[in-house]
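Student: The structure is given below, and queries will be raised subsequently.
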Amino acid sequence: MKTRIILPDTDGISEAGAILRSGGLVAFPTETVYGLGANALDATATKHIYEAKGRPSDNPMIVHVANIDMLNGVASGVTDAQKAIMSKLWPGPITFVLHKNPAVPDVTTGGLDTVAVRWPSRREAAEIIEAAGVPIAAPSANLSGKPSPTTFEDVAEDMDGRIDAIVKGERTAIGIESTVLDLTSEVPTILRPGFITKSQIEEAVDGEVQYDPSLFKKPGADDFHPKSPGMKYKHYAPKAAVRIVEGSKSAVSAAIAELETEAVSNNMKTAVLDYMGNGDKAANNFFADLRQCDRDGVDIIYIAAYDWDEVGFSVMNRMVKSAGYDIVNV
Ligand code: TXA
Ligand code: MG
């Protein structure tokens, strides 16, 4: 398949919308990461997403909307309380799990009776969804298991020849995927941490918010039952081995220096990712840095972990998975 490169000008936006409306696959930038979109109401189109990504088909997709009518077309029984929360945090990098409207095919939601919905804020994304005129199912536009794409080049690397078109925009502003918040449970529950943090959600909810307990467990543990199916898969893995070194700033620096010396003496090419405890910066660079390490032929990556703020917690969730839970405490 020849993949078209589309620029996000007026003509490009309507072309992208037309391809999506007619059942094609288009990757496009959002404020979080690039997404791989298809018409969420078209079972054949969404099935093609699983094929293009090589993704297990029980992993449900996020449905992207750009207006209230689209929201009402994919969710059902949305309460005033839920609407109030959504209106405070949308458009933006947060996804809400709601009761599913029967119009959404099972293949889009992995057979669940809930649907994950996001109204993105990035201009290109909102305009493409409006131009398509249908809600758009869009997981991150990477091959399954690889780091999520934050640049056009990342998407092209994984998807060229596999999808109809890629909308070429600037690098994404946030760099990690949206927060996933379940609004169907009694207490709103964070299923996947993201750029919108627990305290921001508590303010919008004006009440209690909890984390899915599985966020603090390892896959394989008896009590690991994530409510978000995607959280159980191996994720974000570069070709290099990844090791997290956690502790006080000075202890971490000293330990990494020692580990690097040893690795280099074994002829391994090393890289160190140290975001100085700055969560926003870590979010912005982490996936891009993993992909760069692969391009550079790095064998082992050390991640310095200390002083994380709230967004830092969300990035750490990805880091831990990329490291296959290899964490050294110093
Ligand atoms: O920022 C983002 O969310 C990006 C951009 C493209 O919008 N999309 C994204 O999609 O990260 P994806 O497919 O890579 O991740 C979707 C996550 C998975 O962990 C999936 O299991 C979860 O959302 N999810 C989807 N539907 C769900 C549902 N009904 N209940 C619980 N979790 C759900
Ligand atoms: Mg993904």
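Residues are referred to by chain and number: the chain letter is A, B, ... according to the order shown in the structure tokens, the number counts from 1 in that chain, and ligands are numbered separately from 1 in the order shown.
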Give me, as a list in words, all polymer residues having an atom no more than 8 Å from segment 184-188 of chain A, counting only C-alpha atoms and skipping those fewer than 4 positions away in the same chain.
Tutor: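 Result of the neighbour search: Val97, Leu98, His99, Glu208, Val209 and Gln210 of chain A.
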Student: Identify, with DSSP run on backbone atoms, the residues in segment 127-320 of chain A assigned to strand (DSSP E or B), and express the list as number ranges by chain.
Tutor: A: 136-137, 140, 165-167, 179-182, 189-192, 210-211, 241-246, 270-274, 300-305
Student: Go through the chains and note each residue within 6 Å of ligand 2, using only C-alpha atoms and all ligand atoms, then give the set as a list in words.
Tutor: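 Listing the residues within 6 Å of ligand 2 gives Pro139, Ser140 and Ser148 of chain A.
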Student: Emit the selected residues as an mmCIF file, in the first residue's frame, including C-alpha atoms.
Tutor:
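Wrote it out as part_10.cif, contents follow:
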data_model
loop_
_atom_site.group_PDB
_atom_site.id
_atom_site.type_symbol
_atom_site.label_atom_id
_atom_site.label_comp_id
_atom_site.auth_asym_id
_atom_site.auth_seq_id
_atom_site.Cartn_x
_atom_site.Cartn_y
_atom_site.Cartn_z
ATOM 1 C CA PRO A 139 -4.801 4.122 19.358
ATOM 2 C CA SER A 140 -1.262 5.462 19.321
ATOM 3 C CA SER A 148 4.385 5.702 21.152
#
Student: Report as an NGL selection string all protein, DNA and RNA residues lying within 9 Å of Phe313 of chain A, evaluated on only C-alpha atoms, omitting residues in the same chain fewer than 2 positions from it.
Tutor: :A and (193-194 or 197 or 279 or 308-311 or 315-317)
Student: Could you list, with a cut-off of 6 Å and counting only C-alpha atoms and all ligand atoms, the residues of chain A near ligand 1, each shown with its nearest atom pair and the distance in Å rounded to one decimal, rows sorted by chain and ascending number, as CSV?
Tutor:
residue,atom,partner,partner_atom_place_in_ligand_line,distance
A:Thr32,CA,ligand 1,1 (O),4.8
A:Val33,CA,ligand 1,5 (C),5.5
A:Tyr34,CA,ligand 1,6 (C),5.3
A:Gly35,CA,ligand 1,6 (C),3.5
A:Asn59,CA,ligand 1,21 (O),5.3
A:Pro60,CA,ligand 1,25 (C),4.3
A:Met61,CA,ligand 1,25 (C),4.5
A:Ile62,CA,ligand 1,25 (C),5.0
A:Val97,CA,ligand 1,29 (N),5.6
A:Thr109,CA,ligand 1,26 (N),5.8
A:Leu112,CA,ligand 1,29 (N),5.9
A:Thr114,CA,ligand 1,29 (N),4.4
A:Val115,CA,ligand 1,29 (N),4.0
A:Ala116,CA,ligand 1,26 (N),4.3
A:Ala138,CA,ligand 1,6 (C),5.3
A:Pro139,CA,ligand 1,13 (O),3.3
A:Ser140,CA,ligand 1,14 (O),4.3
A:Glu177,CA,ligand 1,1 (O),3.4
A:Ser178,CA,ligand 1,1 (O),3.7
A:Lys227,CA,ligand 1,31 (C),5.6
A:Ser228,CA,ligand 1,32 (N),3.5
A:Pro229,CA,ligand 1,21 (O),3.9
A:Gly230,CA,ligand 1,21 (O),3.3
A:Met231,CA,ligand 1,19 (O),5.0
Student: Which is closer to Val134 of chain A than all the others in A:Glu31, A:Asp11, A:Asp42, A:Glu157, using only C-alpha atoms?
Tutor: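 Of A:Glu31, A:Asp11, A:Asp42, A:Glu157, the one nearest Val134 of chain A is A:Asp42, counting only C-alpha atoms.
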Student: Which polymer residues have any atom within 6 Å of an atom of segment 87-93 of chain A, counting only C-alpha atoms, with same-chain residues fewer than 5 positions away left out, as a ChimeraX atom specification?
Tutor: /A:119-121,178
Student: For C-alpha atoms, I'd like the residues from the last selection saved as a CSV table (one decimal), in the first residue's frame.
Tutor:
chain,number,residue,atom,x,y,z
A,119,TRP,CA,-12.1,15.1,22.8
A,120,PRO,CA,-8.5,16.2,21.8
A,121,SER,CA,-7.5,19.8,21.9
A,178,SER,CA,-3.9,10.7,27.8
Student: Give me, as number ranges by chain, all polymer residues having an atom no more than 7 Å from Pro238 of chain A, counting only C-alpha atoms and skipping those fewer than 5 positions away in the same chain.
Tutor: A: 146-147, 290-291, 294
Student: Would you mind exporting N, CA and C atoms of the selected residues as a PDB file, in the first residue's frame?
Tutor:
ATOM      1  N   LYS A 146       6.039  -1.057  20.514  1.00  0.00           N
ATOM      2  CA  LYS A 146       7.078  -0.021  20.352  1.00  0.00           C
ATOM      3  C   LYS A 146       6.679   1.256  21.090  1.00  0.00           C
ATOM      4  N   PRO A 147       7.650   2.142  21.364  1.00  0.00           N
ATOM      5  CA  PRO A 147       7.292   3.398  22.029  1.00  0.00           C
ATOM      6  C   PRO A 147       6.279   4.192  21.200  1.00  0.00           C
ATOM      7  N   LEU A 290      13.752   7.146  23.606  1.00  0.00           N
ATOM      8  CA  LEU A 290      13.862   5.687  23.417  1.00  0.00           C
ATOM      9  C   LEU A 290      14.078   5.366  21.948  1.00  0.00           C
ATOM     10  N   ARG A 291      13.289   6.023  21.094  1.00  0.00           N
ATOM     11  CA  ARG A 291      13.421   5.751  19.656  1.00  0.00           C
ATOM     12  C   ARG A 291      14.788   6.206  19.140  1.00  0.00           C
ATOM     13  N   ASP A 294      17.432   3.667  19.874  1.00  0.00           N
ATOM     14  CA  ASP A 294      17.403   2.560  18.909  1.00  0.00           C
ATOM     15  C   ASP A 294      18.129   2.940  17.629  1.00  0.00           C
TER      16      ASP A 294
END
Student: Just to confirm, what's the straight-line distance from atom CA of Val104 of chain A to atom CA of Phe28 of chain A in Å (one decimal)?
Tutor: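 Between atom CA of Val104 of chain A and atom CA of Phe28 of chain A the gap is 21.7 Å.
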Student: Using only C-alpha atoms, which of A:Val328, A:Val167, A:Met268, A:Val245 sits nearest Glu127 of chain A?
Tutor: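 Looking at the shortest contact to Glu127 of chain A, the residue is A:Val167.
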Student: State, in Å with one decimal place, the distance from atom CA of Asp206 of chain A to atom CA of Ser314 of chain A.
Tutor: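 The value is 21.6 Å.
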Student: What is the atom CA of Tyr275 of chain A to atom CA of Thr30 of chain A distance in Å?
Tutor: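 Straight-line distance from atom CA of Tyr275 of chain A to atom CA of Thr30 of chain A works out to 23.2 Å.
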Student: Mind checking DSSP for segment 1-63 of chain A and telling me the helix (DSSP H, G or I) residues as an MDAnalysis selection string?
Tutor: chainID A and resid 10:21 43:53
Student: Got time to write the residues from that selection, N, CA and C atoms, as a PDB file, in the first residue's frame?
Tutor:
ATOM      1  N   THR A  10      -5.979  23.467   4.798  1.00  0.00           N
ATOM      2  CA  THR A  10      -7.416  23.259   4.592  1.00  0.00           C
ATOM      3  C   THR A  10      -7.707  22.063   3.689  1.00  0.00           C
ATOM      4  N   ASP A  11      -6.967  21.978   2.569  1.00  0.00           N
ATOM      5  CA  ASP A  11      -7.191  20.854   1.643  1.00  0.00           C
ATOM      6  C   ASP A  11      -6.828  19.523   2.301  1.00  0.00           C
ATOM      7  N   GLY A  12      -5.706  19.539   3.010  1.00  0.00           N
ATOM      8  CA  GLY A  12      -5.231  18.308   3.646  1.00  0.00           C
ATOM      9  C   GLY A  12      -6.212  17.806   4.700  1.00  0.00           C
ATOM     10  N   ILE A  13      -6.733  18.728   5.482  1.00  0.00           N
ATOM     11  CA  ILE A  13      -7.683  18.334   6.535  1.00  0.00           C
ATOM     12  C   ILE A  13      -8.918  17.695   5.894  1.00  0.00           C
ATOM     13  N   SER A  14      -9.425  18.288   4.813  1.00  0.00           N
ATOM     14  CA  SER A  14     -10.636  17.678   4.241  1.00  0.00           C
ATOM     15  C   SER A  14     -10.321  16.363   3.537  1.00  0.00           C
ATOM     16  N   GLU A  15      -9.122  16.248   2.971  1.00  0.00           N
ATOM     17  CA  GLU A  15      -8.728  14.970   2.375  1.00  0.00           C
ATOM     18  C   GLU A  15      -8.634  13.869   3.446  1.00  0.00           C
ATOM     19  N   ALA A  16      -7.996  14.219   4.574  1.00  0.00           N
ATOM     20  CA  ALA A  16      -7.875  13.243   5.677  1.00  0.00           C
ATOM     21  C   ALA A  16      -9.272  12.829   6.148  1.00  0.00           C
ATOM     22  N   GLY A  17     -10.167  13.814   6.289  1.00  0.00           N
ATOM     23  CA  GLY A  17     -11.534  13.517   6.721  1.00  0.00           C
ATOM     24  C   GLY A  17     -12.237  12.587   5.748  1.00  0.00           C
ATOM     25  N   ALA A  18     -12.049  12.825   4.451  1.00  0.00           N
ATOM     26  CA  ALA A  18     -12.723  12.001   3.435  1.00  0.00           C
ATOM     27  C   ALA A  18     -12.214  10.561   3.465  1.00  0.00           C
ATOM     28  N   ILE A  19     -10.901  10.391   3.625  1.00  0.00           N
ATOM     29  CA  ILE A  19     -10.348   9.023   3.688  1.00  0.00           C
ATOM     30  C   ILE A  19     -10.935   8.286   4.893  1.00  0.00           C
ATOM     31  N   LEU A  20     -10.996   8.981   6.036  1.00  0.00           N
ATOM     32  CA  LEU A  20     -11.536   8.346   7.246  1.00  0.00           C
ATOM     33  C   LEU A  20     -13.013   7.986   7.070  1.00  0.00           C
ATOM     34  N   ARG A  21     -13.759   8.914   6.498  1.00  0.00           N
ATOM     35  CA  ARG A  21     -15.197   8.686   6.317  1.00  0.00           C
ATOM     36  C   ARG A  21     -15.458   7.475   5.428  1.00  0.00           C
ATOM     37  N   ALA A  43     -16.960  -1.339  11.661  1.00  0.00           N
ATOM     38  CA  ALA A  43     -16.227  -2.480  12.241  1.00  0.00           C
ATOM     39  C   ALA A  43     -15.063  -2.921  11.350  1.00  0.00           C
ATOM     40  N   THR A  44     -15.261  -2.864  10.030  1.00  0.00           N
ATOM     41  CA  THR A  44     -14.188  -3.298   9.124  1.00  0.00           C
ATOM     42  C   THR A  44     -12.998  -2.345   9.211  1.00  0.00           C
ATOM     43  N   ALA A  45     -13.299  -1.045   9.246  1.00  0.00           N
ATOM     44  CA  ALA A  45     -12.221  -0.045   9.314  1.00  0.00           C
ATOM     45  C   ALA A  45     -11.422  -0.204  10.610  1.00  0.00           C
ATOM     46  N   THR A  46     -12.117  -0.369  11.748  1.00  0.00           N
ATOM     47  CA  THR A  46     -11.378  -0.464  13.016  1.00  0.00           C
ATOM     48  C   THR A  46     -10.589  -1.780  13.089  1.00  0.00           C
ATOM     49  N   LYS A  47     -11.106  -2.824  12.447  1.00  0.00           N
ATOM     50  CA  LYS A  47     -10.358  -4.083  12.414  1.00  0.00           C
ATOM     51  C   LYS A  47      -9.016  -3.888  11.705  1.00  0.00           C
ATOM     52  N   HIS A  48      -9.031  -3.024  10.688  1.00  0.00           N
ATOM     53  CA  HIS A  48      -7.778  -2.756   9.973  1.00  0.00           C
ATOM     54  C   HIS A  48      -6.735  -2.095  10.875  1.00  0.00           C
ATOM     55  N   ILE A  49      -7.178  -1.346  11.880  1.00  0.00           N
ATOM     56  CA  ILE A  49      -6.214  -0.741  12.817  1.00  0.00           C
ATOM     57  C   ILE A  49      -5.427  -1.834  13.540  1.00  0.00           C
ATOM     58  N   TYR A  50      -6.142  -2.847  14.030  1.00  0.00           N
ATOM     59  CA  TYR A  50      -5.454  -3.939  14.743  1.00  0.00           C
ATOM     60  C   TYR A  50      -4.417  -4.586  13.827  1.00  0.00           C
ATOM     61  N   GLU A  51      -4.793  -4.755  12.542  1.00  0.00           N
ATOM     62  CA  GLU A  51      -3.861  -5.396  11.606  1.00  0.00           C
ATOM     63  C   GLU A  51      -2.633  -4.519  11.365  1.00  0.00           C
ATOM     64  N   ALA A  52      -2.864  -3.211  11.152  1.00  0.00           N
ATOM     65  CA  ALA A  52      -1.744  -2.312  10.857  1.00  0.00           C
ATOM     66  C   ALA A  52      -0.771  -2.226  12.033  1.00  0.00           C
ATOM     67  N   LYS A  53      -1.310  -2.257  13.260  1.00  0.00           N
ATOM     68  CA  LYS A  53      -0.456  -2.148  14.442  1.00  0.00           C
ATOM     69  C   LYS A  53       0.113  -3.486  14.900  1.00  0.00           C
TER      70      LYS A  53
END
Student: Which neighbours of Asp296 of chain A fall inside 12 Å, counting only C-alpha atoms, when residues of the same chain fewer than 6 positions from it are skipped, and could you give them as a PyMOL selection string?
Tutor: chain A and resi 238-240+269-271+289-290
